[in-house]
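To start, the structure under review is shown below, and the notes come after it.
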Amino acid sequence: MKKLMLLMILAVIAVSLCAVIDTQAEISGYHGIVEHRDGKPWLKELWGEDMRLLLAPQSVLDTLGLALADGDSIYVEGIRDKDLMLVGKLWMESGNLNMYWLRDFDLGDIYPGGAAYKVDAQKCIGCRLCVAPCPLGAITMVKGKAVIDQEKCTECGICKDGYGKFKGCPVGAIETK
């Protein structure tokens, strides 16, 4: 009973610390240099601000031929929430300007298929700690277990590895396929 109460308190704290990105918010653009931290792409903006880029599942990036390397100069348009940037369009400055369209915010996600993250229902304890930190609201609870909506997931890894004060799934129930 004490463990359940502790988990409930942690869930309330997690909900208060995190929020889903509002896909109806204003779209803005940023220019900067790519830098990878813990395997995740960040944009080091020219004015000194850094933001984590939420792109699309790796399979989609591979299909588009989009590979970001440290030091690449890019311009992105999307929705920013604090230091997270949900990218709609990305331009790479490599000789000529290549534009990649990852999602249309009026129509929803435009990439087909699914992400590489899944929840192992055998390991999931139903604590709900992964629900609030998901910036796209891709995680819901079904019959007491977390479920990832493959069409919404951008493979940001926040549910698995954590971000900020959230340290990721406490029991390791979120895995890559």
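Starting from 1 in every chain, residues are counted up; chains themselves are A, B, ... following the order of the structure tokens, and ligands are numbered from 1 as listed.
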*Identify, with DSSP run on backbone atoms, the residues in region 71-149 of chain A assigned to strand (DSSP E or B), and express the list as JSON, numbers by chain.*
{"A": [73, 74, 75, 76, 77, 78, 79, 80, 81, 84, 85, 86, 87, 88, 89, 90, 91, 92, 93, 94, 96, 97, 98, 99, 100, 101, 103, 104, 108, 109, 117, 118, 119, 139, 140, 141, 142, 145, 146, 147, 148]}
_Near-Arg52 (chain A) list (7 Å; only C-alpha atoms; drop same-chain fewer than 6 positions) as an MDAnalysis selection string_ = chainID A and resid 41:43 83:85
_Set the distance at 12 Å and use only C-alpha atoms: which residues neighbour Val34 (chain A) once local chain neighbours fewer than 4 positions away are removed? I'd like the list as a PyMOL selection string._
chain A and resi 30+39-46+50-53+67-76+90-93
*What are the DSSP alpha helix (DSSP H) residues of chain A, as a ChimeraX atom specification?*
/A:2-17,58-64,158-161
Keeping only N, CA and C atoms, take the residues you just selected and write them out as a short mmCIF file (atom, residue, chain, number, x, y, z; two decimals), in the first residue's frame.
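result_28.cif, written as the output of this step:
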```cif
data_model
loop_
_atom_site.label_atom_id
_atom_site.label_comp_id
_atom_site.auth_asym_id
_atom_site.auth_seq_id
_atom_site.Cartn_x
_atom_site.Cartn_y
_atom_site.Cartn_z
N LYS A 2 1.99 1.20 0.76
CA LYS A 2 2.88 2.36 0.80
C LYS A 2 3.50 2.62 -0.57
N LYS A 3 3.85 1.53 -1.29
CA LYS A 3 4.43 1.69 -2.62
C LYS A 3 3.42 2.32 -3.57
N LEU A 4 2.16 1.91 -3.47
CA LEU A 4 1.12 2.47 -4.32
C LEU A 4 0.94 3.96 -4.04
N MET A 5 0.93 4.33 -2.79
CA MET A 5 0.80 5.75 -2.42
C MET A 5 1.99 6.55 -2.94
N LEU A 6 3.19 6.00 -2.81
CA LEU A 6 4.38 6.68 -3.30
C LEU A 6 4.31 6.86 -4.82
N LEU A 7 3.88 5.83 -5.52
CA LEU A 7 3.74 5.93 -6.97
C LEU A 7 2.70 6.96 -7.37
N MET A 8 1.60 7.04 -6.63
CA MET A 8 0.57 8.04 -6.92
C MET A 8 1.11 9.46 -6.70
N ILE A 9 1.87 9.66 -5.65
CA ILE A 9 2.46 10.97 -5.38
C ILE A 9 3.45 11.33 -6.49
N LEU A 10 4.27 10.37 -6.90
CA LEU A 10 5.22 10.61 -7.99
C LEU A 10 4.50 10.95 -9.28
N ALA A 11 3.37 10.30 -9.54
CA ALA A 11 2.61 10.57 -10.76
C ALA A 11 2.07 11.99 -10.75
N VAL A 12 1.57 12.44 -9.62
CA VAL A 12 1.06 13.82 -9.51
C VAL A 12 2.18 14.82 -9.73
N ILE A 13 3.35 14.54 -9.17
CA ILE A 13 4.51 15.42 -9.37
C ILE A 13 4.90 15.45 -10.83
N ALA A 14 4.93 14.29 -11.47
CA ALA A 14 5.31 14.22 -12.88
C ALA A 14 4.34 15.01 -13.75
N VAL A 15 3.06 14.91 -13.47
CA VAL A 15 2.06 15.66 -14.24
C VAL A 15 2.27 17.15 -14.09
N SER A 16 2.64 17.58 -12.92
CA SER A 16 2.84 19.02 -12.69
C SER A 16 4.12 19.52 -13.34
N LEU A 17 5.08 18.66 -13.60
CA LEU A 17 6.36 19.07 -14.19
C LEU A 17 6.36 19.08 -15.70
N GLN A 58 13.08 7.21 -36.65
CA GLN A 58 14.30 7.01 -37.42
C GLN A 58 14.01 6.36 -38.77
N SER A 59 13.04 5.46 -38.83
CA SER A 59 12.71 4.81 -40.10
C SER A 59 12.25 5.85 -41.13
N VAL A 60 11.52 6.86 -40.68
CA VAL A 60 11.06 7.92 -41.58
C VAL A 60 12.24 8.78 -42.02
N LEU A 61 13.11 9.13 -41.08
CA LEU A 61 14.29 9.93 -41.42
C LEU A 61 15.16 9.18 -42.43
N ASP A 62 15.30 7.86 -42.26
CA ASP A 62 16.07 7.05 -43.20
C ASP A 62 15.43 7.06 -44.59
N THR A 63 14.11 6.93 -44.64
CA THR A 63 13.39 6.95 -45.91
C THR A 63 13.59 8.28 -46.63
N LEU A 64 13.59 9.38 -45.87
CA LEU A 64 13.78 10.71 -46.45
C LEU A 64 15.24 10.99 -46.80
N ILE A 158 12.10 10.20 -24.44
CA ILE A 158 11.85 10.76 -23.11
C ILE A 158 11.18 9.73 -22.21
N CYS A 159 10.26 8.95 -22.75
CA CYS A 159 9.56 7.96 -21.93
C CYS A 159 10.52 6.89 -21.40
N LYS A 160 11.50 6.54 -22.21
CA LYS A 160 12.44 5.48 -21.84
C LYS A 160 13.63 6.00 -21.03
N ASP A 161 14.23 7.08 -21.52
CA ASP A 161 15.48 7.56 -20.94
C ASP A 161 15.32 8.75 -20.00
#
```
_Neighbouring residues of Val147 (chain A) were defined as those with any atom within 8 Å, considering only C-alpha atoms; residues of the same chain fewer than 4 positions away were excluded. Please report them as JSON, numbers by chain._
{"A": [118, 119, 139, 140, 141, 142]}
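For the pair CA of Leu129 (chain A) and CA of His36 (chain A), the interatomic distance is 25.7 Å.
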*Mind pulling up the distance from CA of Ala132 (chain A) to CA of Ile148 (chain A)?*
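Between these atoms lies a distance of 12.5 Å.
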_Top pick for closest residue to Gly88 (chain A), considering A:Glu175, A:Glu49, A:Glu26, A:Asp149 and counting only C-alpha atoms_ =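 Result for the nearest residue to Gly88 (chain A): A:Glu26.
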*Quick one: pull the distance between CA of Gln150 (chain A) and CA of Ala115 (chain A), Å, one decimal.*
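Separating CA of Gln150 (chain A) from CA of Ala115 (chain A) is a distance of 5.2 Å.
Residue nearest Ile21 (chain A), chosen from A:Arg80, A:Arg103, A:Lys177, A:Arg37 and counting only C-alpha atoms: A:Arg80.
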_Who sits within 12 Å of Gln122 (chain A), only C-alpha atoms, same chain under 5 positions skipped, as a PyMOL selection string_ = chain A and resi 144-146+171-174
